[in-house]
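Q: This is target.json, which holds JSON, C-alpha atoms:
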```json
[["chain", "number", "residue", "atom", "x", "y", "z"],
["A", 227, "MET", "CA", 4.13, -25.09, 42.76],
["A", 228, "LEU", "CA", 4.33, -21.28, 42.91],
["A", 229, "ARG", "CA", 5.47, -21.45, 46.51],
["A", 230, "ALA", "CA", 8.23, -23.89, 45.57],
["A", 231, "LEU", "CA", 9.47, -21.52, 42.86],
["A", 232, "LEU", "CA", 9.45, -18.62, 45.31],
["A", 233, "LEU", "CA", 11.50, -20.75, 47.69],
["A", 234, "VAL", "CA", 14.06, -21.38, 44.99],
["A", 235, "PHE", "CA", 14.31, -17.65, 44.22],
["A", 236, "ALA", "CA", 14.77, -16.79, 47.90],
["A", 237, "LEU", "CA", 17.46, -19.41, 48.29],
["A", 238, "ALA", "CA", 19.28, -18.19, 45.20],
["A", 239, "THR", "CA", 19.38, -14.68, 46.67],
["A", 240, "ALA", "CA", 20.67, -15.99, 49.99],
["A", 241, "ALA", "CA", 23.31, -18.14, 48.31],
["A", 242, "ARG", "CA", 24.67, -15.19, 46.35],
["A", 243, "ALA", "CA", 24.91, -13.31, 49.63],
["A", 244, "GLY", "CA", 27.06, -16.03, 51.15],
["A", 245, "ALA", "CA", 24.39, -17.34, 53.52],
["A", 246, "PRO", "CA", 25.31, -20.41, 55.62],
["A", 247, "PRO", "CA", 23.76, -23.85, 55.00],
["A", 248, "ARG", "CA", 20.05, -23.46, 55.57],
["A", 249, "PHE", "CA", 19.35, -26.44, 57.84],
["A", 250, "PHE", "CA", 21.06, -28.02, 60.83],
["A", 251, "ILE", "CA", 20.42, -31.54, 59.46],
["A", 252, "MET", "CA", 21.30, -31.79, 55.77],
["A", 253, "GLY", "CA", 21.99, -34.52, 53.27],
["A", 254, "ASP", "CA", 24.44, -34.44, 50.39],
["A", 255, "GLY", "CA", 21.99, -32.86, 47.95],
["A", 256, "HIS", "CA", 20.93, -36.16, 46.38],
["A", 257, "LEU", "CA", 17.96, -38.39, 47.09],
["A", 258, "ALA", "CA", 16.90, -41.76, 45.65],
["A", 259, "ILE", "CA", 13.31, -42.91, 46.28],
["A", 260, "VAL", "CA", 11.25, -45.96, 45.30],
["A", 261, "ASN", "CA", 7.48, -45.60, 45.58],
["A", 262, "SER", "CA", 6.31, -48.96, 46.91],
["A", 263, "HIS", "CA", 2.79, -48.56, 45.48],
["A", 264, "THR", "CA", 3.71, -47.66, 41.90],
["A", 265, "ASN", "CA", 7.27, -49.05, 41.73],
["A", 266, "GLU", "CA", 8.46, -45.68, 40.41],
["A", 267, "HIS", "CA", 12.17, -45.09, 40.91],
["A", 268, "LEU", "CA", 13.53, -41.56, 41.23],
["A", 269, "THR", "CA", 17.08, -40.34, 41.75],
["A", 270, "VAL", "CA", 17.54, -36.57, 41.83],
["A", 271, "ARG", "CA", 20.07, -33.96, 42.71],
["A", 272, "TYR", "CA", 17.78, -31.54, 44.50],
["A", 273, "ARG", "CA", 20.40, -29.05, 45.77],
["A", 274, "ARG", "CA", 23.07, -27.43, 43.62],
["A", 275, "ASP", "CA", 26.68, -26.67, 44.58],
["A", 276, "ASP", "CA", 25.79, -23.03, 45.33],
["A", 277, "GLY", "CA", 23.15, -24.08, 47.87],
["A", 278, "THR", "CA", 20.12, -23.32, 45.70],
["A", 279, "TYR", "CA", 17.40, -25.90, 45.13],
["A", 280, "ASP", "CA", 16.49, -27.28, 41.70],
["A", 281, "PRO", "CA", 12.77, -26.60, 41.01],
["A", 282, "ASP", "CA", 12.54, -29.48, 38.51],
["A", 283, "ALA", "CA", 13.91, -31.93, 41.08],
["A", 284, "LEU", "CA", 11.50, -30.61, 43.73],
["A", 285, "ALA", "CA", 8.60, -31.09, 41.31],
["A", 286, "ARG", "CA", 9.66, -34.68, 40.64],
["A", 287, "LEU", "CA", 9.88, -35.37, 44.38],
["A", 288, "ARG", "CA", 6.46, -33.81, 44.82],
["A", 289, "ARG", "CA", 5.14, -36.23, 42.21],
["A", 290, "ILE", "CA", 6.61, -39.39, 43.70],
["A", 291, "PHE", "CA", 5.38, -38.34, 47.17],
["A", 292, "ARG", "CA", 1.81, -37.92, 45.89],
["A", 293, "SER", "CA", -1.16, -39.26, 47.83],
["A", 294, "SER", "CA", -1.54, -42.94, 46.94],
["A", 295, "GLY", "CA", -5.30, -42.86, 47.48],
["A", 296, "ASP", "CA", -6.21, -40.06, 45.08],
["A", 297, "ALA", "CA", -2.93, -38.97, 43.39],
["A", 298, "ARG", "CA", -3.16, -35.45, 44.84],
["A", 299, "GLU", "CA", 0.13, -33.61, 45.27],
["A", 300, "GLN", "CA", 1.59, -31.27, 47.88],
["A", 301, "ASP", "CA", 4.94, -29.52, 48.23],
["A", 302, "VAL", "CA", 7.34, -31.68, 50.24],
["A", 303, "SER", "CA", 9.03, -29.76, 53.04],
["A", 304, "LEU", "CA", 12.63, -28.90, 52.21],
["A", 305, "ARG", "CA", 13.51, -29.73, 55.80],
["A", 306, "LEU", "CA", 12.04, -33.22, 55.26],
["A", 307, "ILE", "CA", 13.91, -33.68, 51.98],
["A", 308, "GLU", "CA", 17.21, -32.84, 53.69],
["A", 309, "LEU", "CA", 16.41, -35.20, 56.57],
["A", 310, "LEU", "CA", 15.60, -38.04, 54.17],
["A", 311, "SER", "CA", 18.83, -37.50, 52.26],
["A", 312, "HIS", "CA", 20.72, -37.62, 55.57],
["A", 313, "LEU", "CA", 18.81, -40.77, 56.59],
["A", 314, "GLN", "CA", 19.59, -42.41, 53.25],
["A", 315, "LYS", "CA", 23.30, -41.97, 53.92],
["A", 316, "MET", "CA", 22.85, -43.31, 57.48],
["A", 317, "ALA", "CA", 21.13, -46.38, 56.05],
["A", 318, "GLY", "CA", 23.98, -47.20, 53.65],
["A", 319, "GLY", "CA", 23.08, -45.15, 50.60],
["A", 320, "HIS", "CA", 20.43, -47.46, 49.16],
["A", 321, "PRO", "CA", 17.26, -45.93, 47.66],
["A", 322, "LEU", "CA", 14.62, -45.24, 50.29],
["A", 323, "VAL", "CA", 11.42, -47.29, 49.95],
["A", 324, "LEU", "CA", 8.48, -44.93, 50.40],
["A", 325, "LEU", "CA", 5.36, -46.52, 51.85],
["A", 326, "SER", "CA", 3.51, -43.30, 52.55],
["A", 327, "GLY", "CA", 4.46, -39.73, 51.72],
["A", 328, "TYR", "CA", 1.82, -37.07, 51.28],
["A", 329, "ARG", "CA", -1.74, -38.09, 52.14],
["A", 330, "SER", "CA", -4.52, -35.74, 51.15],
["A", 331, "PRO", "CA", -6.84, -34.89, 54.07],
["A", 332, "THR", "CA", -9.67, -36.69, 52.25],
["A", 333, "TYR", "CA", -7.64, -39.86, 51.77],
["A", 334, "ASN", "CA", -6.30, -39.68, 55.33],
["A", 335, "GLN", "CA", -9.86, -39.47, 56.68],
["A", 336, "SER", "CA", -10.96, -42.40, 54.51],
["A", 337, "LEU", "CA", -8.21, -44.52, 56.05],
["A", 338, "LYS", "CA", -9.30, -43.45, 59.51],
["A", 339, "ASP", "CA", -12.92, -44.30, 58.68],
["A", 340, "LYS", "CA", -11.78, -47.80, 57.69],
["A", 341, "GLY", "CA", -10.18, -48.30, 61.09],
["A", 342, "LYS", "CA", -6.60, -47.79, 59.97],
["A", 343, "GLN", "CA", -4.09, -46.55, 62.55],
["A", 344, "VAL", "CA", -3.68, -43.00, 61.23],
["A", 345, "ALA", "CA", -3.71, -39.72, 63.14],
["A", 346, "GLY", "CA", -6.48, -37.20, 62.55],
["A", 347, "GLY", "CA", -4.00, -34.31, 62.34],
["A", 348, "SER", "CA", -1.34, -36.37, 60.59],
["A", 349, "MET", "CA", 1.75, -34.55, 59.34],
["A", 350, "HIS", "CA", 1.47, -36.67, 56.21],
["A", 351, "THR", "CA", -1.39, -34.35, 55.20],
["A", 352, "GLU", "CA", 1.01, -31.38, 55.10],
["A", 353, "GLY", "CA", 3.99, -32.89, 53.29],
["A", 354, "LEU", "CA", 5.96, -33.08, 56.54],
["A", 355, "ALA", "CA", 6.27, -36.85, 57.03],
["A", 356, "ALA", "CA", 7.24, -40.12, 55.36],
["A", 357, "ASP", "CA", 6.89, -43.82, 56.20],
["A", 358, "LEU", "CA", 9.89, -45.78, 54.97],
["A", 359, "ALA", "CA", 10.51, -49.54, 54.76],
["A", 360, "PHE", "CA", 13.91, -50.90, 55.82],
["A", 361, "PRO", "CA", 15.32, -54.38, 56.37],
["A", 362, "ARG", "CA", 14.06, -55.46, 59.79],
["A", 363, "ALA", "CA", 17.56, -55.97, 61.17],
["A", 364, "GLN", "CA", 18.35, -52.34, 60.38],
["A", 365, "LEU", "CA", 15.23, -50.79, 61.92],
["A", 366, "PRO", "CA", 16.20, -50.53, 65.62],
["A", 367, "LYS", "CA", 19.61, -48.98, 64.91],
["A", 368, "LEU", "CA", 18.17, -46.44, 62.46],
["A", 369, "TRP", "CA", 15.38, -45.53, 64.85],
["A", 370, "HIS", "CA", 17.87, -44.79, 67.62],
["A", 371, "GLU", "CA", 20.07, -42.79, 65.24],
["A", 372, "VAL", "CA", 17.15, -40.61, 64.17],
["A", 373, "ARG", "CA", 16.16, -40.17, 67.82],
["A", 374, "ASP", "CA", 19.71, -39.06, 68.62],
["A", 375, "LEU", "CA", 19.45, -36.26, 66.05],
["A", 376, "ASP", "CA", 16.89, -34.62, 68.41],
["A", 377, "CYS", "CA", 15.32, -32.83, 65.49],
["A", 378, "CYS", "CA", 12.25, -34.73, 64.45],
["A", 379, "GLY", "CA", 9.52, -37.26, 65.01],
["A", 380, "ALA", "CA", 10.63, -40.89, 64.84],
["A", 381, "GLY", "CA", 8.18, -43.80, 65.00],
["A", 382, "TYR", "CA", 9.35, -47.42, 65.08],
["A", 383, "TYR", "CA", 6.94, -50.03, 63.68],
["A", 384, "ALA", "CA", 8.80, -53.29, 64.12],
["A", 385, "LYS", "CA", 6.02, -55.68, 63.12],
["A", 386, "GLU", "CA", 5.16, -53.69, 59.98],
["A", 387, "GLY", "CA", 8.83, -53.16, 59.09],
["A", 388, "PHE", "CA", 8.99, -49.40, 58.70],
["A", 389, "LEU", "CA", 10.02, -46.12, 60.30],
["A", 390, "HIS", "CA", 7.89, -42.99, 60.37],
["A", 391, "VAL", "CA", 9.93, -39.77, 60.21],
["A", 392, "ASP", "CA", 8.57, -36.24, 60.29],
["A", 393, "VAL", "CA", 9.80, -32.70, 60.89],
["A", 394, "GLY", "CA", 7.48, -31.91, 63.76],
["A", 395, "ARG", "CA", 8.56, -31.57, 67.39],
["A", 396, "PRO", "CA", 11.39, -33.90, 68.47],
["A", 397, "ARG", "CA", 9.73, -37.02, 69.91],
["A", 398, "PHE", "CA", 9.75, -40.79, 69.44],
["A", 399, "TRP", "CA", 7.43, -43.75, 69.88],
["A", 400, "GLU", "CA", 6.78, -47.37, 69.03],
["A", 401, "ALA", "CA", 3.58, -48.84, 67.60],
["A", 402, "THR", "CA", 2.32, -49.70, 71.09],
["A", 403, "THR", "CA", 2.99, -46.21, 72.45],
["A", 404, "SER", "CA", 1.84, -44.09, 69.50],
["A", 405, "ARG", "CA", -1.54, -43.24, 71.12],
["A", 406, "VAL", "CA", -2.88, -42.57, 67.64],
["A", 407, "ASP", "CA", -6.40, -43.61, 68.68],
["A", 408, "GLU", "CA", -6.52, -40.74, 71.20],
["A", 409, "ASN", "CA", -6.51, -38.06, 68.48],
["A", 410, "LEU", "CA", -4.00, -35.98, 70.42],
["A", 411, "SER", "CA", -4.11, -33.14, 67.89],
["A", 412, "ALA", "CA", -7.83, -32.51, 68.41],
["A", 413, "GLY", "CA", -8.81, -28.96, 69.31],
["A", 414, "ASN", "CA", -5.44, -27.55, 68.17],
["A", 415, "ALA", "CA", -3.81, -29.17, 71.21],
["A", 416, "ARG", "CA", -0.61, -29.97, 69.29],
["A", 417, "ILE", "CA", -0.35, -26.92, 67.08],
["A", 418, "PHE", "CA", 3.29, -26.06, 66.33],
["A", 419, "ALA", "CA", 5.27, -23.62, 64.21],
["A", 420, "ARG", "CA", 8.15, -24.23, 61.81],
["A", 421, "THR", "CA", 10.37, -21.64, 60.19],
["A", 422, "GLU", "CA", 11.18, -22.01, 56.52],
["A", 423, "PHE", "CA", 14.86, -22.60, 57.30],
["A", 424, "ASP", "CA", 17.05, -23.12, 60.38],
["A", 425, "ARG", "CA", 19.81, -20.65, 59.57],
["A", 426, "TYR", "CA", 19.44, -17.00, 58.61],
["A", 427, "VAL", "CA", 21.53, -13.88, 58.16],
["A", 428, "GLY", "CA", 20.54, -10.80, 60.15],
["A", 429, "GLY", "CA", 18.24, -8.57, 58.09],
["A", 430, "GLU", "CA", 16.88, -11.51, 56.11],
["A", 431, "PRO", "CA", 13.12, -12.23, 56.23],
["A", 432, "ILE", "CA", 11.84, -15.18, 58.25],
["A", 433, "THR", "CA", 8.73, -16.98, 57.05],
["A", 434, "LEU", "CA", 7.07, -19.43, 59.41],
["A", 435, "ALA", "CA", 4.00, -21.63, 59.25],
["A", 436, "LEU", "CA", 1.52, -23.02, 61.75],
["A", 437, "HIS", "CA", 0.96, -26.78, 61.54],
["A", 438, "ALA", "CA", -1.41, -29.33, 63.11],
["A", 439, "LEU", "CA", -4.17, -26.72, 63.14],
["A", 440, "THR", "CA", -7.28, -28.90, 63.41],
["A", 441, "VAL", "CA", -9.87, -26.28, 64.43],
["A", 442, "PRO", "CA", -9.41, -23.16, 62.28],
["A", 443, "PRO", "CA", -9.26, -20.28, 62.30],
["A", 444, "VAL", "CA", -6.64, -19.29, 64.86],
["A", 445, "ARG", "CA", -5.70, -15.65, 65.32],
["A", 446, "VAL", "CA", -2.07, -14.74, 65.97],
["A", 447, "ALA", "CA", -0.79, -11.52, 67.53],
["A", 448, "ARG", "CA", 1.08, -9.33, 65.07],
["A", 449, "VAL", "CA", 3.95, -8.86, 67.55],
["A", 450, "ALA", "CA", 6.02, -11.98, 68.31],
["A", 451, "THR", "CA", 9.14, -12.46, 70.43],
["A", 452, "LEU", "CA", 12.52, -13.59, 69.14],
["A", 453, "VAL", "CA", 14.15, -15.27, 72.15],
["A", 454, "SER", "CA", 17.91, -15.82, 72.21],
["A", 455, "ASP", "CA", 19.44, -18.82, 73.94],
["A", 456, "GLY", "CA", 21.72, -16.28, 75.61],
["A", 457, "GLY", "CA", 18.74, -14.74, 77.41],
["A", 458, "GLY", "CA", 18.01, -11.71, 75.25],
["A", 459, "GLN", "CA", 14.65, -10.97, 73.65],
["A", 460, "ARG", "CA", 13.59, -8.86, 70.69],
["A", 461, "GLU", "CA", 10.10, -7.98, 69.57],
["A", 462, "VAL", "CA", 9.41, -8.63, 65.89],
["A", 463, "ARG", "CA", 6.34, -7.88, 63.81],
["A", 464, "PHE", "CA", 4.62, -9.96, 61.19],
["A", 465, "GLU", "CA", 3.78, -8.31, 57.91],
["A", 466, "GLY", "CA", 0.14, -7.54, 57.17],
["A", 467, "GLU", "CA", -2.44, -4.83, 57.43],
["A", 468, "GLY", "CA", -3.76, -3.44, 60.72],
["A", 469, "ASP", "CA", -2.39, -3.48, 64.26],
["A", 470, "GLY", "CA", -4.44, -6.32, 65.75],
["A", 471, "CYS", "CA", -4.25, -10.03, 65.13],
["A", 472, "LEU", "CA", -3.62, -11.99, 61.95],
["A", 473, "GLU", "CA", -5.72, -15.00, 61.01],
["A", 474, "ALA", "CA", -4.54, -18.49, 60.22],
["A", 475, "ALA", "CA", -7.49, -19.76, 58.19],
["A", 476, "SER", "CA", -6.11, -23.27, 57.78],
["A", 477, "THR", "CA", -3.18, -25.44, 58.76],
["A", 478, "GLY", "CA", 0.03, -24.45, 57.00],
["A", 479, "ALA", "CA", -0.82, -20.72, 57.15],
["A", 480, "HIS", "CA", 2.27, -18.55, 56.71],
["A", 481, "PHE", "CA", 3.44, -15.43, 58.52],
["A", 482, "LYS", "CA", 6.45, -13.33, 57.60],
["A", 483, "ILE", "CA", 8.91, -11.24, 59.62],
["A", 484, "ALA", "CA", 10.38, -8.73, 57.19],
["A", 485, "GLU", "CA", 13.82, -8.43, 58.81],
["A", 486, "ALA", "CA", 15.31, -10.72, 61.43],
["A", 487, "PRO", "CA", 17.77, -9.17, 63.92],
["A", 488, "GLY", "CA", 21.01, -11.08, 64.39],
["A", 489, "ILE", "CA", 20.57, -12.73, 67.81],
["A", 490, "GLY", "CA", 22.49, -15.95, 67.31],
["A", 491, "ARG", "CA", 20.74, -19.14, 68.37],
["A", 492, "GLY", "CA", 17.16, -18.90, 69.59],
["A", 493, "HIS", "CA", 13.51, -19.33, 68.60],
["A", 494, "VAL", "CA", 10.36, -17.34, 67.85],
["A", 495, "VAL", "CA", 7.42, -17.29, 70.27],
["A", 496, "LEU", "CA", 3.99, -16.49, 68.83],
["A", 497, "ALA", "CA", 1.02, -15.41, 70.95],
["A", 498, "THR", "CA", -2.47, -16.51, 69.97],
["A", 499, "CYS", "CA", -5.40, -14.13, 70.35],
["A", 500, "GLU", "CA", -8.73, -14.63, 72.09],
["A", 501, "PRO", "CA", -11.13, -16.22, 71.53],
["A", 502, "ARG", "CA", -9.04, -19.37, 71.26],
["A", 503, "PRO", "CA", -10.75, -22.43, 69.77],
["A", 504, "GLU", "CA", -10.99, -25.38, 72.15],
["A", 505, "ARG", "CA", -7.50, -26.41, 73.35],
["A", 506, "THR", "CA", -5.49, -23.82, 71.41],
["A", 507, "PRO", "CA", -2.45, -22.83, 73.55],
["A", 508, "GLU", "CA", -1.74, -19.20, 74.47],
["A", 509, "THR", "CA", 1.73, -19.35, 72.91],
["A", 510, "VAL", "CA", 3.35, -21.39, 70.15],
["A", 511, "GLU", "CA", 7.11, -21.79, 69.71],
["A", 512, "THR", "CA", 9.07, -22.44, 66.55],
["A", 513, "ASN", "CA", 11.99, -24.78, 66.10],
["A", 514, "VAL", "CA", 15.44, -23.54, 67.11],
["A", 515, "ILE", "CA", 16.99, -21.15, 64.58],
["A", 516, "ASP", "CA", 20.34, -19.41, 64.23],
["A", 517, "VAL", "CA", 20.40, -15.81, 62.99],
["A", 518, "ARG", "CA", 23.96, -14.68, 62.51],
["A", 519, "ALA", "CA", 24.88, -10.99, 62.51],
["A", 520, "GLY", "CA", 25.32, -9.30, 59.15],
["A", 521, "SER", "CA", 23.30, -8.23, 56.16],
["A", 522, "PRO", "CA", 22.12, -10.49, 53.35]]
```
Transcribe the structure of this file into structure tokens.

A:
Amino acid sequence: MLRALLLVFALATAARAGAPPRFFIMGDGHLAIVNSHTNEHLTVRYRRDDGTYDPDALARLRRIFRSSGDAREQDVSLRLIELLSHLQKMAGGHPLVLLSGYRSPTYNQSLKDKGKQVAGGSMHTEGLAADLAFPRAQLPKLWHEVRDLDCCGAGYYAKEGFLHVDVGRPRFWEATTSRVDENLSAGNARIFARTEFDRYVGGEPITLALHALTVPPVRVARVATLVSDGGGQREVRFEGEGDGCLEAASTGAHFKIAEAPGIGRGHVVLATCEPRPERTPETVETNVIDVRAGSP
């Protein structure tokens, strides 16, 4: 909850500074959800006219997204909330029917132990994914439309009648091609990084998180590289004590760049430090970001 409030404060500061819209894919600031397990209905305006996010609305979304197995809660990614609002409009504006939002790691493992088709490093366990029921006739078209956004994960489960959407790497699959039984995230093989937002103003801080970390800890070099699509590169440093490596003790660990140089469109490349657990890659890239010139 504290992190969500800090997000709201940061966004309020950026909005007063005239910052651009924070994400490439955004809804209209409203979201209507029906929890299929509890039959709770929620309609909220989560984003105000000035671009700031309403902490009360975020708390209510956090509640309706709670783990159905044990009622535990987790912050829902703002990037996911915006994607769902956009998807709701694509689907005709009807309330989204939530089959599975956040799943606590304990509940996720219990499903796996029962033979359910769930991933060991599921993004549901980090508040980054949702399974949504739609009329079967609508499913194929929506799946292709989400795929065309080239922003996210999109899983099509025709027999079960739902779409999985997440804010991980852009990719898509059907039930027969999901390869969930292979535990592809094992050994940190699919670790990825996501920045807090997509758009920044030069001089603004960038906070990013490591996700799908299945074998902690992972150590990250303090110096990262901000790579521009135009070919330029800038070294940036993460905040923290010492000159060596910083430790990600668990999935979702955050690192902060105090001031981002205005490079336009690009991404951040992190280097991991030795010794690397199991299949941990040497470098990890973030999503594409846009850092416009100027001061916040």

Q: How close does region 486-512 of chain A get to region 463-476 of chain A? List, as JSON lines, each residue of region 486-512 of chain A within 12 Å, its nearest atom pair and the distance in Å to one decimal, counting only C-alpha atoms.

A:
```
{"residue": "A:Ala486", "atom": "CA", "partner": "A:Arg463", "partner_atom": "CA", "distance": 9.7}
{"residue": "A:Pro487", "atom": "CA", "partner": "A:Arg463", "partner_atom": "CA", "distance": 11.5}
{"residue": "A:Val494", "atom": "CA", "partner": "A:Arg463", "partner_atom": "CA", "distance": 11.0}
{"residue": "A:Val495", "atom": "CA", "partner": "A:Arg463", "partner_atom": "CA", "distance": 11.5}
{"residue": "A:Leu496", "atom": "CA", "partner": "A:Phe464", "partner_atom": "CA", "distance": 10.1}
{"residue": "A:Ala497", "atom": "CA", "partner": "A:Cys471", "partner_atom": "CA", "distance": 9.5}
{"residue": "A:Thr498", "atom": "CA", "partner": "A:Cys471", "partner_atom": "CA", "distance": 8.3}
{"residue": "A:Cys499", "atom": "CA", "partner": "A:Cys471", "partner_atom": "CA", "distance": 6.7}
{"residue": "A:Glu500", "atom": "CA", "partner": "A:Cys471", "partner_atom": "CA", "distance": 9.5}
{"residue": "A:Pro501", "atom": "CA", "partner": "A:Cys471", "partner_atom": "CA", "distance": 11.3}
{"residue": "A:Arg502", "atom": "CA", "partner": "A:Glu473", "partner_atom": "CA", "distance": 11.6}
```

Q: Kindly provide, as a PDB file with C-alpha atoms, in the coordinates of the input, the polymer residues lying within 10 Å of (7.9, -43.4, 58.7), counting only C-alpha atoms and using the coordinates exactly as they appear in the file.

A:
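Heads up, here's the output in selection-v4.pdb:
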```pdb
ATOM      1  CA  LEU A 324       8.480 -44.930  50.400  1.00  0.00           C
ATOM      2  CA  LEU A 325       5.360 -46.520  51.850  1.00  0.00           C
ATOM      3  CA  SER A 326       3.510 -43.300  52.550  1.00  0.00           C
ATOM      4  CA  GLY A 327       4.460 -39.730  51.720  1.00  0.00           C
ATOM      5  CA  HIS A 350       1.470 -36.670  56.210  1.00  0.00           C
ATOM      6  CA  ALA A 355       6.270 -36.850  57.030  1.00  0.00           C
ATOM      7  CA  ALA A 356       7.240 -40.120  55.360  1.00  0.00           C
ATOM      8  CA  ASP A 357       6.890 -43.820  56.200  1.00  0.00           C
ATOM      9  CA  LEU A 358       9.890 -45.780  54.970  1.00  0.00           C
ATOM     10  CA  ALA A 359      10.510 -49.540  54.760  1.00  0.00           C
ATOM     11  CA  TRP A 369      15.380 -45.530  64.850  1.00  0.00           C
ATOM     12  CA  GLY A 379       9.520 -37.260  65.010  1.00  0.00           C
ATOM     13  CA  ALA A 380      10.630 -40.890  64.840  1.00  0.00           C
ATOM     14  CA  GLY A 381       8.180 -43.800  65.000  1.00  0.00           C
ATOM     15  CA  TYR A 382       9.350 -47.420  65.080  1.00  0.00           C
ATOM     16  CA  TYR A 383       6.940 -50.030  63.680  1.00  0.00           C
ATOM     17  CA  GLY A 387       8.830 -53.160  59.090  1.00  0.00           C
ATOM     18  CA  PHE A 388       8.990 -49.400  58.700  1.00  0.00           C
ATOM     19  CA  LEU A 389      10.020 -46.120  60.300  1.00  0.00           C
ATOM     20  CA  HIS A 390       7.890 -42.990  60.370  1.00  0.00           C
ATOM     21  CA  VAL A 391       9.930 -39.770  60.210  1.00  0.00           C
ATOM     22  CA  ASP A 392       8.570 -36.240  60.290  1.00  0.00           C
TER      23      ASP A 392
END
```

Q: Can you pull out every residue within 10 Å of region 393-403 of chain A, counting only C-alpha atoms, but drop anything in the same chain fewer than 3 positions away, and send it as a PyMOL selection string?

A: chain A and resi 303-307+309+343+349+353-356+369-370+372-386+389-390+406+416-420+437-438+512-513

Q: What does the distance from CA of Val453 (chain A) to CA of Ile432 (chain A) come to in Å, to one decimal?

A: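 Interatomic distance here is 14.1 Å.
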
Q: Name the closest residue to Glu266 (chain A) among the candidates A:Leu310, A:Leu322, A:Leu410, A:Ala317; distances are taken between atoms, counting only C-alpha atoms.

A: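 Looking at the shortest contact to Glu266 (chain A), the residue is A:Leu322.
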
Q: Which one is closest to Ser336 (chain A): A:Ile259, A:Pro281, A:Leu436, A:Asp296? Count all atoms listed in the file.

A: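 Of A:Ile259, A:Pro281, A:Leu436, A:Asp296, the one nearest Ser336 (chain A), counting all atoms listed in the file, is A:Asp296.
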
Q: Report the distance between CA of Thr421 (chain A) and CA of Ala435 (chain A) in Å, rounded to one decimal place.

A: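 That distance, rounded to one decimal, is 6.4 Å.
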